[in-house]
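A.B. asks: Let me give you the structure first, and then I'll get to my questions.
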Amino acid sequence: MQELATVTEDTHPMRRLLDGAYVQVLNGFGVFTPATELAREYLAKNAGDPHRAAQDLILWQTTKAATSGFLSNLGGIATLPVAIPANISSVLYVQIRMIAAIAVMGGYEIESDKVRTLVYTSLLGTAAADILKDAGIRLGERLTRTAIERLTGAVAKNMASSVAARLMARLGLASAGNLSKLIPIAGGVVGAAVDAAATQAVGAVAVKLFLTEKEAVVAPSRSD
């Protein structure tokens, strides 16, 4: 299986931003552990139950996404290949790391380019359903190896492009060239991209995509 080690050559700024964040999600940086370790930590705290672990993780990551003080501590994200306000890139990192950890809880290999594409798609929240449906994947149903294998290079690329375009629209940008013109707002929140409710919605989609239909039980905790 191909391992993701570098940022894609894709020229779309949003795609390059996502790939840069994903590399840091895989490897970890500073005090932030890789997504695989984060998943193991939450599984250990929840008796190995992936549903409880996922809801526990979503609860705490949502709290982080709403805290401007936390966002300011993610200085390492400034090394991403696209220059945008730190509050936006920081929350994207929080969300991608959370989704990837949930994928690990479900037994998926997040180093896979195909799983990476699904992680990106989950960033759209409820809007992810349309893109997934076009790829033959239904939210709420167990994601099978066969379904993942159907994500050929062309299909995965189209999905990633659709995700990038929709994220741009969510940020209110008409073109990729406007990405660097975003102006940060005091307090660390810029629309849905950094909204705690959006992070919670993203987590809910990740659970539906990477875990089974079993109803999850929230078990709050306080850790990274």
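Letters for chains follow the order of the structure tokens (A, B, ...), residue numbers begin at 1 for each chain, and ligand numbers begin at 1 in the order shown.
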Could you list, as number ranges by chain, every residue within 7 Å of range 115-125 of chain A, counting only C-alpha atoms and ignoring same-chain residues fewer than 4 positions away?
C.D. replies: A: 96, 99-100, 109-110, 156, 160, 163, 201-202, 205-206
A.B. asks: Name all residues at most 7 Å from Pro50 in chain A (count only C-alpha atoms; drop same-chain ones fewer than 6 positions away) and give them as a PyMOL selection string.
C.D. replies: chain A and resi 43+105-106
A.B. asks: List as a ChimeraX atom specification the protein and nucleic acid residues near Val207 in chain A, meaning an atom at most 8 Å away when only C-alpha atoms are counted, but skip any in the same chain fewer than 4 places from it.
C.D. replies: /A:51,54,102,203,211-212
A.B. asks: What's around Ala35 in chain A at 12 Å? Count only C-alpha atoms, leave out sequence neighbours fewer than 6 positions away in its own chain, and write the answer as a PyMOL selection string.
C.D. replies: chain A and resi 21-29+41-42+57+93-105+108-111+119+224
A.B. asks: Would you save the residues from that selection as a short mmCIF file (atom, residue, chain, number, x, y, z; two decimals), in the first residue's frame, using C-alpha atoms?
C.D. replies:
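File written: again.cif
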```
data_model
loop_
_atom_site.label_atom_id
_atom_site.label_comp_id
_atom_site.auth_asym_id
_atom_site.auth_seq_id
_atom_site.Cartn_x
_atom_site.Cartn_y
_atom_site.Cartn_z
CA ALA A 21 -2.16 19.06 7.34
CA TYR A 22 -2.58 15.33 6.67
CA VAL A 23 1.16 14.76 6.74
CA GLN A 24 1.24 16.36 10.19
CA VAL A 25 -1.76 14.29 11.25
CA LEU A 26 0.07 11.11 10.25
CA ASN A 27 3.40 12.05 11.82
CA GLY A 28 2.34 14.29 14.70
CA PHE A 29 4.15 17.48 15.59
CA GLU A 41 -5.50 6.52 23.69
CA TYR A 42 -9.25 7.02 23.41
CA LEU A 57 -12.97 12.30 21.14
CA TYR A 93 -5.98 20.30 11.40
CA VAL A 94 -8.11 19.53 14.49
CA GLN A 95 -10.90 18.19 12.30
CA ILE A 96 -8.67 16.10 10.03
CA ARG A 97 -6.83 14.60 13.01
CA MET A 98 -10.15 13.74 14.66
CA ILE A 99 -11.56 12.12 11.52
CA ALA A 100 -8.37 10.14 10.91
CA ALA A 101 -8.38 8.89 14.50
CA ILE A 102 -11.99 7.73 14.09
CA ALA A 103 -10.98 5.92 10.90
CA VAL A 104 -8.25 4.15 12.87
CA MET A 105 -10.84 3.18 15.50
CA TYR A 108 -8.87 1.52 8.46
CA GLU A 109 -5.34 2.30 7.29
CA ILE A 110 -5.09 6.07 7.20
CA GLU A 111 -1.83 5.92 5.20
CA VAL A 119 -11.18 11.69 5.50
CA ASP A 224 -5.48 15.75 24.28
#
```
A.B. asks: So, with only C-alpha atoms as the atoms that count, which of A:Ala165, A:Ala39, A:Ala204, A:Ala196 lies closest to Pro13 in chain A?
C.D. replies: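 Distance minimum relative to Pro13 in chain A lands on A:Ala165.
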